[in-house]
$ cat entry02.txt   # compact mmCIF, C-alpha atoms and all ligand atoms
# COMPACT_ATOMS: atom_id res chain seq x y z
CA MET A 1 64.79 48.11 -23.95
CA ALA A 2 64.04 45.50 -26.64
CA SER A 3 61.72 42.60 -25.83
CA PRO A 4 62.28 40.10 -28.59
CA TYR A 5 62.24 36.94 -26.53
CA ASP A 6 59.47 34.58 -25.43
CA ALA A 7 61.84 32.94 -22.95
CA ILE A 8 65.24 33.49 -21.39
CA ILE A 9 67.03 30.35 -20.19
CA LEU A 10 69.85 30.79 -17.68
CA GLY A 11 72.47 28.04 -18.02
CA ALA A 12 73.59 26.30 -21.23
CA GLY A 13 74.21 22.92 -19.63
CA ALA A 14 72.36 19.69 -20.35
CA ALA A 15 68.92 20.87 -19.22
CA GLY A 16 69.17 24.41 -20.61
CA LEU A 17 70.34 23.23 -24.05
CA MET A 18 67.52 20.69 -24.31
CA CYS A 19 64.90 23.16 -23.13
CA ALA A 20 66.12 25.89 -25.50
CA ALA A 21 66.25 23.56 -28.52
CA VAL A 22 62.76 22.16 -27.96
CA ALA A 23 61.17 25.54 -27.20
CA GLY A 24 62.92 27.09 -30.20
CA GLN A 25 61.66 24.33 -32.46
CA ARG A 26 58.15 24.93 -31.10
CA GLY A 27 58.41 28.41 -32.54
CA ARG A 28 59.42 30.30 -29.40
CA SER A 29 62.14 32.94 -29.57
CA VAL A 30 64.67 31.89 -26.97
CA LEU A 31 67.80 33.41 -25.46
CA LEU A 32 70.16 30.93 -23.78
CA VAL A 33 72.68 32.60 -21.46
CA ASP A 34 75.78 31.14 -19.79
CA HIS A 35 78.79 32.69 -18.12
CA ALA A 36 81.07 29.88 -19.32
CA ASP A 37 82.96 30.20 -22.60
CA ALA A 38 81.53 26.89 -23.91
CA ALA A 39 78.18 25.17 -23.63
CA GLY A 40 77.73 21.84 -21.84
CA LYS A 41 81.08 21.67 -20.05
CA LYS A 42 79.90 18.91 -17.71
CA ILE A 43 78.64 16.91 -20.69
CA LEU A 44 82.12 17.17 -22.22
CA ILE A 45 83.87 15.57 -19.24
CA SER A 46 81.09 13.12 -18.40
CA GLY A 47 81.41 9.37 -18.62
CA GLY A 48 85.19 9.58 -18.95
CA GLY A 49 84.76 11.73 -22.09
CA ARG A 50 82.15 9.39 -23.67
CA CYS A 51 79.05 10.76 -21.88
CA ASN A 52 76.79 8.22 -20.22
CA PHE A 53 73.83 10.05 -21.73
CA THR A 54 70.94 7.98 -20.37
CA ASN A 55 69.96 4.74 -18.67
CA LEU A 56 67.59 2.11 -20.03
CA HIS A 57 66.30 1.43 -16.51
CA THR A 58 65.26 5.01 -15.81
CA ALA A 59 62.44 5.02 -13.24
CA PRO A 60 61.40 7.50 -10.56
CA ASP A 61 62.67 5.24 -7.76
CA ARG A 62 66.21 5.79 -9.02
CA TYR A 63 66.10 9.43 -7.97
CA VAL A 64 66.60 11.03 -4.56
CA SER A 65 64.14 13.82 -3.75
CA ALA A 66 62.08 15.04 -0.82
CA ASN A 67 59.10 14.14 -3.06
CA PRO A 68 59.86 10.78 -4.67
CA HIS A 69 56.83 11.11 -7.01
CA PHE A 70 57.76 14.49 -8.45
CA ALA A 71 59.98 13.23 -11.30
CA LYS A 72 57.35 10.74 -12.59
CA SER A 73 55.56 13.10 -14.94
CA ALA A 74 58.59 14.50 -16.79
CA LEU A 75 60.42 11.15 -16.88
CA GLY A 76 57.29 9.49 -18.24
CA ARG A 77 56.82 12.00 -21.04
CA TYR A 78 60.42 12.17 -22.29
CA THR A 79 62.08 8.78 -21.94
CA ALA A 80 65.48 7.19 -22.46
CA SER A 81 64.20 5.92 -25.84
CA ASP A 82 63.25 9.45 -26.89
CA PHE A 83 66.77 10.69 -26.21
CA THR A 84 68.34 7.63 -27.86
CA ALA A 85 66.19 8.28 -30.95
CA LEU A 86 67.55 11.84 -31.07
CA VAL A 87 71.12 10.52 -30.74
CA GLU A 88 70.45 8.10 -33.62
CA ARG A 89 68.93 10.82 -35.79
CA HIS A 90 72.27 12.61 -35.45
CA ARG A 91 74.06 9.37 -36.43
CA ILE A 92 75.95 9.18 -33.14
CA ALA A 93 77.03 5.60 -32.48
CA TRP A 94 76.40 4.34 -28.95
CA HIS A 95 76.64 1.21 -26.84
CA GLU A 96 75.33 -0.16 -23.56
CA LYS A 97 78.22 -0.54 -21.16
CA THR A 98 76.67 -2.15 -18.11
CA LEU A 99 73.51 -1.89 -15.97
CA GLY A 100 71.57 -0.13 -18.76
CA GLN A 101 74.12 2.70 -19.07
CA LEU A 102 74.31 4.10 -22.64
CA PHE A 103 77.54 5.77 -23.80
CA CYS A 104 78.75 7.31 -27.05
CA ASP A 105 81.15 5.06 -28.96
CA GLY A 106 83.07 8.18 -29.92
CA SER A 107 83.07 11.29 -27.76
CA ALA A 108 80.90 13.38 -25.47
CA ARG A 109 81.63 16.27 -27.84
CA GLN A 110 79.12 14.67 -30.22
CA ILE A 111 76.31 15.15 -27.66
CA VAL A 112 77.13 18.83 -27.18
CA ALA A 113 77.38 19.34 -30.95
CA MET A 114 74.02 17.58 -31.37
CA LEU A 115 72.33 19.83 -28.80
CA LEU A 116 73.84 22.96 -30.34
CA ASP A 117 72.61 21.80 -33.79
CA GLU A 118 69.16 21.33 -32.30
CA CYS A 119 69.37 24.85 -30.83
CA ASP A 120 70.35 26.12 -34.27
CA ALA A 121 67.35 24.38 -35.79
CA GLY A 122 65.21 26.26 -33.26
CA ARG A 123 66.99 29.58 -34.02
CA VAL A 124 68.03 29.91 -30.37
CA ASP A 125 70.29 32.86 -29.53
CA VAL A 126 73.16 31.37 -27.53
CA ALA A 127 75.06 33.95 -25.46
CA LEU A 128 78.21 32.40 -23.95
CA SER A 129 80.79 34.19 -21.75
CA THR A 130 77.78 36.22 -20.62
CA PRO A 131 77.30 36.55 -16.88
CA PHE A 132 73.91 37.76 -15.79
CA GLY A 133 73.34 40.45 -13.20
CA GLU A 134 70.16 41.74 -11.65
CA ILE A 135 66.92 39.89 -12.41
CA GLY A 136 63.69 41.84 -12.24
CA HIS A 137 60.03 40.90 -12.46
CA ASP A 138 57.18 43.33 -12.95
CA GLY A 139 54.36 40.78 -12.94
CA ALA A 140 54.15 40.55 -16.74
CA ALA A 141 57.77 39.90 -17.64
CA PHE A 142 61.22 39.15 -16.29
CA THR A 143 64.20 41.36 -16.99
CA VAL A 144 67.77 40.09 -16.96
CA ALA A 145 70.73 42.46 -16.88
CA LEU A 146 73.53 41.26 -19.18
CA PRO A 147 76.91 43.02 -19.53
CA ASP A 148 75.85 44.94 -22.65
CA ARG A 149 72.04 45.13 -22.43
CA VAL A 150 68.94 44.33 -20.42
CA VAL A 151 66.73 41.62 -21.91
CA ARG A 152 63.08 40.96 -21.19
CA ALA A 153 60.77 37.97 -21.60
CA PRO A 154 57.52 36.67 -20.09
CA ARG A 155 59.23 33.39 -19.18
CA LEU A 156 62.47 32.73 -17.32
CA VAL A 157 64.02 29.29 -16.86
CA ILE A 158 66.56 28.57 -14.13
CA ALA A 159 68.93 25.94 -15.55
CA THR A 160 72.16 26.84 -13.82
CA GLY A 161 72.64 23.41 -12.24
CA GLY A 162 74.14 22.72 -8.81
CA PRO A 163 77.42 23.78 -7.18
CA SER A 164 79.36 20.54 -7.77
CA ILE A 165 82.74 21.01 -9.49
CA PRO A 166 83.07 24.82 -9.20
CA LYS A 167 86.18 24.80 -11.38
CA LEU A 168 83.87 24.00 -14.33
CA GLY A 169 81.82 27.13 -13.67
CA ALA A 170 79.26 25.50 -11.37
CA THR A 171 77.63 27.87 -8.88
CA GLY A 172 74.79 28.02 -6.41
CA ALA A 173 73.16 30.76 -8.51
CA ALA A 174 69.99 28.67 -8.92
CA TYR A 175 69.38 28.73 -5.17
CA ASP A 176 69.94 32.50 -4.87
CA LEU A 177 67.50 33.06 -7.73
CA ALA A 178 64.95 30.69 -6.25
CA ARG A 179 65.11 32.39 -2.85
CA ARG A 180 64.86 35.78 -4.52
CA PHE A 181 61.45 34.65 -5.85
CA GLY A 182 60.35 33.10 -2.56
CA LEU A 183 60.92 29.44 -3.51
CA LYS A 184 62.23 27.10 -0.84
CA VAL A 185 65.57 25.31 -1.23
CA VAL A 186 66.17 21.84 0.21
CA GLU A 187 69.65 21.87 1.78
CA PRO A 188 72.13 21.11 -1.02
CA ARG A 189 74.72 18.40 -0.25
CA PRO A 190 77.50 16.91 -2.35
CA ALA A 191 76.46 13.53 -3.83
CA LEU A 192 77.98 10.80 -5.99
CA VAL A 193 81.09 11.75 -4.05
CA PRO A 194 83.96 9.80 -2.40
CA LEU A 195 83.68 9.48 1.40
CA THR A 196 86.59 10.10 3.76
CA LEU A 197 87.72 7.98 6.71
CA GLY A 198 89.47 9.22 9.84
CA GLY A 199 90.32 8.06 13.37
CA ASP A 200 90.69 4.33 13.79
CA GLU A 201 89.26 3.71 10.30
CA ALA A 202 92.04 5.75 8.69
CA LEU A 203 94.07 2.52 8.82
CA PHE A 204 92.03 1.33 5.83
CA ARG A 205 93.59 4.12 3.77
CA THR A 206 96.75 1.98 3.56
CA LEU A 207 94.69 -0.18 1.17
CA SER A 208 94.60 2.70 -1.34
CA GLY A 209 94.06 1.31 -4.84
CA VAL A 210 92.40 -1.94 -3.71
CA ALA A 211 88.91 -2.55 -5.16
CA ALA A 212 86.30 -5.24 -4.51
CA ASP A 213 82.82 -6.18 -5.66
CA VAL A 214 80.60 -5.46 -2.62
CA VAL A 215 77.11 -4.49 -1.56
CA ALA A 216 77.27 -1.02 0.00
CA SER A 217 74.35 0.34 2.00
CA ALA A 218 73.20 3.55 3.64
CA GLY A 219 69.84 3.37 5.39
CA LYS A 220 67.59 1.31 3.13
CA ALA A 221 69.57 2.02 -0.06
CA ARG A 222 71.78 -0.89 -1.22
CA PHE A 223 74.04 -1.04 -4.27
CA ARG A 224 76.02 -3.98 -5.60
CA GLU A 225 79.00 -2.58 -7.47
CA ALA A 226 82.73 -2.05 -6.94
CA ALA A 227 84.09 -0.22 -3.89
CA LEU A 228 87.59 1.26 -3.98
CA PHE A 229 89.86 2.18 -1.08
CA THR A 230 91.61 5.51 -1.65
CA HIS A 231 94.29 7.50 0.17
CA ARG A 232 91.46 9.54 1.72
CA GLY A 233 88.84 6.85 2.34
CA LEU A 234 86.33 5.11 0.08
CA SER A 235 85.25 5.56 -3.52
CA GLY A 236 84.15 3.45 -6.51
CA PRO A 237 80.61 3.20 -7.91
CA ALA A 238 79.09 1.44 -4.89
CA ILE A 239 80.33 4.16 -2.54
CA LEU A 240 79.38 7.03 -4.87
CA GLN A 241 75.86 5.60 -5.03
CA VAL A 242 75.44 5.34 -1.25
CA SER A 243 76.97 8.79 -0.74
CA SER A 244 73.72 10.29 -2.12
CA TYR A 245 71.82 8.68 0.78
CA TRP A 246 74.50 9.11 3.47
CA ARG A 247 74.10 11.69 6.23
CA PRO A 248 77.05 13.02 8.28
CA ARG A 249 77.84 10.97 11.39
CA GLU A 250 75.80 8.01 10.14
CA PRO A 251 77.48 4.72 9.27
CA ILE A 252 77.50 3.01 5.90
CA GLY A 253 77.59 -0.78 5.63
CA ILE A 254 79.71 -2.89 3.32
CA ASP A 255 79.02 -6.54 2.61
CA PHE A 256 82.44 -7.87 1.59
CA VAL A 257 81.04 -11.35 0.89
CA PRO A 258 77.81 -10.65 -1.02
CA ASP A 259 77.61 -14.12 -2.58
CA ALA A 260 78.33 -16.08 0.59
CA ASP A 261 75.55 -17.75 2.55
CA ARG A 262 75.09 -17.06 6.23
CA ASP A 263 77.16 -20.01 7.49
CA TRP A 264 79.94 -19.90 4.94
CA LEU A 265 82.70 -19.63 7.55
CA LEU A 266 81.40 -22.65 9.48
CA THR A 267 81.28 -24.57 6.20
CA ALA A 268 84.84 -23.41 5.41
CA LYS A 269 85.96 -24.57 8.87
CA ARG A 270 84.54 -28.05 8.19
CA MET A 271 85.87 -28.32 4.64
CA GLN A 272 89.27 -26.63 5.13
CA PRO A 273 90.11 -26.63 8.85
CA ARG A 274 93.76 -25.74 8.15
CA ALA A 275 92.94 -22.63 6.12
CA THR A 276 93.12 -19.22 7.76
CA LEU A 277 90.39 -16.59 7.47
CA ARG A 278 92.71 -14.57 5.24
CA ARG A 279 92.99 -17.50 2.83
CA ALA A 280 89.25 -18.14 2.87
CA LEU A 281 88.56 -14.46 2.12
CA ALA A 282 91.24 -14.29 -0.56
CA ALA A 283 89.17 -16.73 -2.62
CA THR A 284 86.88 -13.80 -3.49
CA LEU A 285 88.68 -10.64 -2.30
CA PRO A 286 92.07 -9.09 -3.17
CA ASP A 287 94.74 -10.52 -0.86
CA ARG A 288 95.63 -7.18 0.77
CA LEU A 289 92.00 -6.60 1.69
CA ALA A 290 91.60 -10.18 2.94
CA GLU A 291 94.67 -9.69 5.14
CA ALA A 292 93.46 -6.36 6.53
CA LEU A 293 89.99 -7.71 7.36
CA ALA A 294 91.38 -10.84 9.03
CA GLU A 295 93.76 -8.67 11.07
CA ARG A 296 90.96 -6.36 12.14
CA LEU A 297 88.92 -9.36 13.24
CA ASP A 298 91.98 -10.63 15.10
CA LEU A 299 91.62 -14.04 13.47
CA SER A 300 94.97 -15.25 12.21
CA VAL A 301 94.86 -18.87 13.37
CA GLU A 302 93.58 -21.80 11.33
CA LEU A 303 89.80 -21.92 11.07
CA GLY A 304 89.71 -25.37 12.69
CA ASN A 305 90.98 -23.79 15.92
CA VAL A 306 88.40 -20.99 16.04
CA PRO A 307 85.21 -21.53 18.07
CA ASP A 308 82.02 -21.55 15.96
CA ARG A 309 80.63 -18.59 17.88
CA ARG A 310 83.59 -16.39 16.84
CA LEU A 311 83.29 -17.51 13.25
CA ASP A 312 79.60 -16.71 13.31
CA GLU A 313 80.37 -13.21 14.64
CA ALA A 314 83.11 -12.71 12.03
CA GLY A 315 80.73 -13.80 9.26
CA ARG A 316 78.11 -11.31 10.37
CA ARG A 317 80.68 -8.50 10.60
CA LEU A 318 82.07 -9.27 7.14
CA SER A 319 78.61 -9.09 5.60
CA ASP A 320 77.80 -5.74 7.24
CA TRP A 321 81.09 -4.01 7.99
CA ARG A 322 80.29 -0.59 9.43
CA PHE A 323 82.32 2.45 8.46
CA THR A 324 81.45 5.89 9.83
CA PRO A 325 82.90 8.34 7.30
CA ASN A 326 84.14 11.58 8.84
CA GLY A 327 83.06 13.50 5.75
CA SER A 328 83.06 13.50 1.97
CA GLU A 329 85.40 15.01 -0.61
CA GLY A 330 82.84 17.80 -0.96
CA PHE A 331 81.50 19.80 -3.90
CA ALA A 332 84.99 19.93 -5.44
CA LYS A 333 84.74 16.22 -6.25
CA ALA A 334 80.98 15.56 -6.23
CA GLU A 335 79.41 14.55 -9.56
CA VAL A 336 76.09 16.01 -8.51
CA THR A 337 74.23 17.80 -5.72
CA VAL A 338 71.32 16.34 -3.78
CA GLY A 339 68.76 18.86 -2.59
CA GLY A 340 68.07 22.08 -4.46
CA ILE A 341 64.95 24.04 -5.41
CA SER A 342 62.07 22.44 -3.54
CA THR A 343 59.69 20.43 -5.71
CA ALA A 344 56.88 21.53 -3.38
CA ASP A 345 56.98 24.94 -5.07
CA LEU A 346 57.00 23.59 -8.66
CA SER A 347 54.50 21.97 -11.03
CA SER A 348 55.67 18.46 -11.91
CA GLN A 349 54.15 18.89 -15.40
CA THR A 350 55.76 22.15 -16.44
CA LEU A 351 58.42 22.76 -13.77
CA GLU A 352 56.82 26.19 -13.33
CA ALA A 353 56.85 27.88 -9.93
CA ARG A 354 53.33 27.68 -8.50
CA ARG A 355 53.38 31.17 -7.07
CA VAL A 356 55.50 32.89 -9.74
CA PRO A 357 53.85 32.31 -13.13
CA GLY A 358 56.40 32.26 -15.95
CA LEU A 359 59.33 31.15 -13.76
CA HIS A 360 60.59 27.57 -14.35
CA ALA A 361 63.43 25.53 -12.84
CA ILE A 362 64.92 22.43 -14.50
CA GLY A 363 67.81 19.97 -14.27
CA GLU A 364 70.11 19.61 -11.31
CA ALA A 365 69.01 22.94 -9.85
CA VAL A 366 65.84 21.15 -8.72
CA ASP A 367 65.66 18.76 -5.76
CA VAL A 368 65.78 15.64 -7.96
CA THR A 369 69.05 13.70 -8.10
CA GLY A 370 69.64 10.49 -9.99
CA TRP A 371 71.75 7.47 -9.29
CA LEU A 372 75.10 7.09 -10.99
CA GLY A 373 74.75 5.74 -14.52
CA GLY A 374 73.10 8.23 -16.89
CA TYR A 375 70.10 9.00 -14.68
CA ASN A 376 71.11 12.62 -14.08
CA PHE A 377 71.34 13.47 -17.76
CA GLN A 378 67.99 11.76 -18.34
CA TRP A 379 66.45 14.05 -15.71
CA ALA A 380 68.11 17.07 -17.36
CA TRP A 381 66.69 16.08 -20.79
CA ALA A 382 63.23 15.18 -19.43
CA SER A 383 62.79 18.23 -17.21
CA GLY A 384 64.13 20.51 -19.98
CA TRP A 385 61.70 18.97 -22.48
CA ALA A 386 58.75 19.24 -20.06
CA ALA A 387 59.38 22.92 -19.32
CA ALA A 388 59.81 23.64 -23.05
CA GLN A 389 56.24 22.46 -23.70
CA ALA A 390 55.01 25.34 -21.54
CA LEU A 391 57.26 28.12 -22.91
P1 LIG B 401 74.83 21.80 -15.79
O1 LIG B 401 75.80 21.88 -14.66
O2 LIG B 401 75.09 20.83 -16.88
O3 LIG B 401 74.69 23.24 -16.48
C1 LIG B 401 74.55 24.42 -15.74
C2 LIG B 401 75.07 25.55 -16.60
O4 LIG B 401 74.81 26.77 -15.92
C3 LIG B 401 76.56 25.48 -16.84
O5 LIG B 401 76.83 25.60 -18.22
C4 LIG B 401 77.12 26.66 -16.04
O6 LIG B 401 78.24 27.27 -16.67
C5 LIG B 401 75.94 27.61 -16.03
N1 LIG B 401 75.95 28.51 -14.86
C6 LIG B 401 76.09 28.18 -13.57
N2 LIG B 401 76.05 29.29 -12.81
C7 LIG B 401 75.88 30.33 -13.66
C8 LIG B 401 75.80 31.73 -13.48
N3 LIG B 401 75.87 32.29 -12.25
N4 LIG B 401 75.66 32.52 -14.58
C9 LIG B 401 75.58 31.97 -15.82
N5 LIG B 401 75.67 30.66 -16.06
C10 LIG B 401 75.81 29.85 -14.97
N6 LIG B 401 75.43 12.51 -15.38
C11 LIG B 401 75.03 11.48 -16.16
O7 LIG B 401 73.83 11.25 -16.28
N7 LIG B 401 75.95 10.71 -16.82
C12 LIG B 401 77.30 10.94 -16.73
O8 LIG B 401 78.12 10.27 -17.39
C13 LIG B 401 77.73 11.99 -15.86
N8 LIG B 401 79.06 12.21 -15.65
C14 LIG B 401 79.47 13.26 -14.89
C15 LIG B 401 80.84 13.48 -14.68
C16 LIG B 401 81.25 14.55 -13.92
C17 LIG B 401 82.73 14.75 -13.68
C18 LIG B 401 80.30 15.44 -13.36
C19 LIG B 401 80.72 16.64 -12.57
C20 LIG B 401 78.95 15.20 -13.54
C21 LIG B 401 78.51 14.10 -14.28
N9 LIG B 401 77.15 13.84 -14.46
C22 LIG B 401 76.76 12.78 -15.23
C23 LIG B 401 76.12 14.72 -13.87
C24 LIG B 401 75.61 15.68 -14.97
O9 LIG B 401 76.72 16.32 -15.57
C25 LIG B 401 74.68 16.74 -14.37
O10 LIG B 401 73.69 16.13 -13.59
C26 LIG B 401 74.04 17.55 -15.50
O11 LIG B 401 75.05 18.20 -16.23
C27 LIG B 401 73.07 18.56 -14.94
O12 LIG B 401 72.58 19.35 -16.00
P2 LIG B 401 72.13 20.86 -15.74
O13 LIG B 401 71.88 21.42 -17.09
O14 LIG B 401 71.09 20.91 -14.73
O15 LIG B 401 73.41 21.56 -15.11

$ encode --input "entry02.txt" --output "structure tokens" --more "lines below"
Ligand code: FDA
Amino acid sequence: MASPYDAIILGAGAAGLMCAAVAGQRGRSVLLVDHADAAGKKILISGGGRCNFTNLHTAPDRYVSANPHFAKSALGRYTASDFTALVERHRIAWHEKTLGQLFCDGSARQIVAMLLDECDAGRVDVALSTPFGEIGHDGAAFTVALPDRVVRAPRLVIATGGPSIPKLGATGAAYDLARRFGLKVVEPRPALVPLTLGGDEALFRTLSGVAADVVASAGKARFREAALFTHRGLSGPAILQVSSYWRPREPIGIDFVPDADRDWLLTAKRMQPRATLRRALAATLPDRLAEALAERLDLSVELGNVPDRRLDEAGRRLSDWRFTPNGSEGFAKAEVTVGGISTADLSSQTLEARRVPGLHAIGEAVDVTGWLGGYNFQWAWASGWAAAQAL
């Protein structure tokens, strides 16, 4: 059995490609293995095909993890500016869309090509369409069974991501591997995912296609962005964001009037006593949504005829409308997975397992999940870079 490699990296996605390229360029001999027939498939479809590759506002508090401090070290050592500098070195044009989100002007394919070029520069062996089988460890080195050979290296990196979007080749392999080596796994849940409504709230599904600028909340997390009603429930950036914090059977809140002050309905009653609630709401919300909310509040008469107390109640309800989703659209539609390999078992500096020297885990496989908006790729780049320093 040949032993030509310093490191074997499982998974040629965002984190694995970055880790392989950097380790290769540091002089390590690296094998990068993936069962898919192309590298970086999630990068290719990301950001509507333009890849939202990082976020200027990257900070540890924009990540969900059982240990909110864990991501600090890697994110601090490889920043959004470092990745943007790499993108510029490859002459890839980019722009800021909104909220610090950086996208390619052209295509996500440019990011994958850039990472593969960087792997080339590091003389990385890239083995695609290569499923791995049994993984062994004899204390000194890891062995990985491939279809045509068994490879061996003193370092093994788990970069197989999370199980969201299985049709792209995503699996829970990272968790099986982690457990095999005695690492704990924080329960994986679909995140950045549309939520579904049932029962009495299913009526809102008739609003499918209607969107509004809202503040959505789950627990203490609050996001001001668009929410979209769908034929299954709720989606849009605000909902995707809160889905990462939402727990089954808990409610989420939606403020449909985020710019209104507390007494806006009483003011409206004084200024426009002949207006209905629907008309008052339609000043800032789509008419169909204004109509549905007014109906639900059973307030169809002119504001001038509604007692102040009822208007006060309606105002409070509109600024914190509670929905209790009956589920989410699951891993099939989730952009990412929250949970994953427990950070308690990993070094935040090197992403190496504390009790299994030589074993590293990076990217989405780890219990660190970013907000929507380029944060997840930045974690993939940063954790991949950090692990590469130790290979
Ligand atoms: P990633 O999933 O990229 O790579 C894992 C690799 O492991 C894959 O190549 C897979 O084939 C391979 N693999 C899995 N199991 C294996 C096995 N058993 N054997 C061999 N290989 C195996 N984020 C962001 O910041 N900005 C954005 O614009 C988007 N947009 C976006 C859109 C959509 C539709 C999705 C689904 C996701 C996003 N994301 C995103 C999230 C982002 O894609 C994700 O967080 C990163 O790709 C994670 O990088 P990893 O390298 O950890 O996993």

$ closest_residue --input "entry02.txt" --among "A:Leu372, A:Val242, A:Leu311, A:Leu203" --to "ligand LIG 401 (chain B)" --atoms "all atoms listed in the file"
A:Leu372

$ closest_atom_pairs --input "entry02.txt" --of "chain A" --to "ligand LIG 401 (chain B)" --cutoff "7 Å" --atoms "all atoms listed in the file" --output "Markdown table"
| residue | atom | partner | partner_atom | distance |
| --- | --- | --- | --- | --- |
| A:Leu10 | CA | B:LIG401 | N5 | 6.0 |
| A:Gly11 | CA | B:LIG401 | O4 | 3.4 |
| A:Ala12 | CA | B:LIG401 | O5 | 4.5 |
| A:Gly13 | CA | B:LIG401 | O3 | 3.2 |
| A:Ala14 | CA | B:LIG401 | O13 | 3.7 |
| A:Ala15 | CA | B:LIG401 | O13 | 3.7 |
| A:Gly16 | CA | B:LIG401 | O13 | 5.4 |
| A:Val33 | CA | B:LIG401 | C9 | 6.4 |
| A:Asp34 | CA | B:LIG401 | N5 | 3.8 |
| A:His35 | CA | B:LIG401 | C9 | 4.0 |
| A:Ala36 | CA | B:LIG401 | O6 | 4.7 |
| A:Ala39 | CA | B:LIG401 | O5 | 5.6 |
| A:Gly40 | CA | B:LIG401 | O5 | 5.3 |
| A:Lys41 | CA | B:LIG401 | O5 | 6.1 |
| A:Lys42 | CA | B:LIG401 | O9 | 4.6 |
| A:Ile43 | CA | B:LIG401 | O9 | 5.5 |
| A:Ile45 | CA | B:LIG401 | C17 | 5.7 |
| A:Ser46 | CA | B:LIG401 | N8 | 3.5 |
| A:Gly47 | CA | B:LIG401 | O8 | 3.6 |
| A:Cys51 | CA | B:LIG401 | O8 | 4.6 |
| A:Asn52 | CA | B:LIG401 | O8 | 3.7 |
| A:Phe53 | CA | B:LIG401 | N7 | 5.4 |
| A:Thr54 | CA | B:LIG401 | O7 | 6.0 |
| A:Thr130 | CA | B:LIG401 | C9 | 6.8 |
| A:Pro131 | CA | B:LIG401 | N4 | 4.9 |
| A:Phe132 | CA | B:LIG401 | N4 | 5.7 |
| A:Ala159 | CA | B:LIG401 | O14 | 5.5 |
| A:Thr160 | CA | B:LIG401 | O4 | 3.4 |
| A:Gly161 | CA | B:LIG401 | O15 | 3.5 |
| A:Gly162 | CA | B:LIG401 | O1 | 6.1 |
| A:Ser164 | CA | B:LIG401 | C19 | 6.3 |
| A:Ile165 | CA | B:LIG401 | C19 | 5.7 |
| A:Leu168 | CA | B:LIG401 | O6 | 6.9 |
| A:Gly169 | CA | B:LIG401 | O6 | 4.7 |
| A:Ala170 | CA | B:LIG401 | C6 | 4.7 |
| A:Thr171 | CA | B:LIG401 | N2 | 4.5 |
| A:Gly172 | CA | B:LIG401 | N2 | 6.6 |
| A:Ala173 | CA | B:LIG401 | N3 | 4.9 |
| A:Ala334 | CA | B:LIG401 | C19 | 6.4 |
| A:Glu335 | CA | B:LIG401 | C19 | 3.9 |
| A:Val336 | CA | B:LIG401 | C23 | 5.5 |
| A:Ile362 | CA | B:LIG401 | O14 | 6.4 |
| A:Gly363 | CA | B:LIG401 | O14 | 3.4 |
| A:Glu364 | CA | B:LIG401 | O14 | 3.8 |
| A:Ala365 | CA | B:LIG401 | O14 | 5.7 |
| A:Leu372 | CA | B:LIG401 | C11 | 6.8 |
| A:Gly373 | CA | B:LIG401 | N7 | 5.6 |
| A:Gly374 | CA | B:LIG401 | O7 | 3.2 |
| A:Tyr375 | CA | B:LIG401 | O7 | 4.6 |
| A:Asn376 | CA | B:LIG401 | O7 | 3.8 |
| A:Phe377 | CA | B:LIG401 | O7 | 3.6 |
| A:Gln378 | CA | B:LIG401 | O7 | 6.2 |
| A:Ala380 | CA | B:LIG401 | O12 | 5.2 |

$ residues_around --input "entry02.txt" --residues "Ser319 in chain A" --least-positions-apart "4" --cutoff "12 Å" --atoms "only C-alpha atoms" --output "number ranges by chain"
A: 214-217, 253-265, 281, 293, 312-315

$ atom_distance --input "entry02.txt" --atom1 "CA of Ile111 in chain A" --atom2 "CA of Leu32 in chain A"
17.4 Å

$ closest_residue --input "entry02.txt" --among "A:Ala7, A:Ala292, A:Ala59, A:Leu266" --to "Lys72 in chain A" --atoms "only C-alpha atoms"
A:Ala59
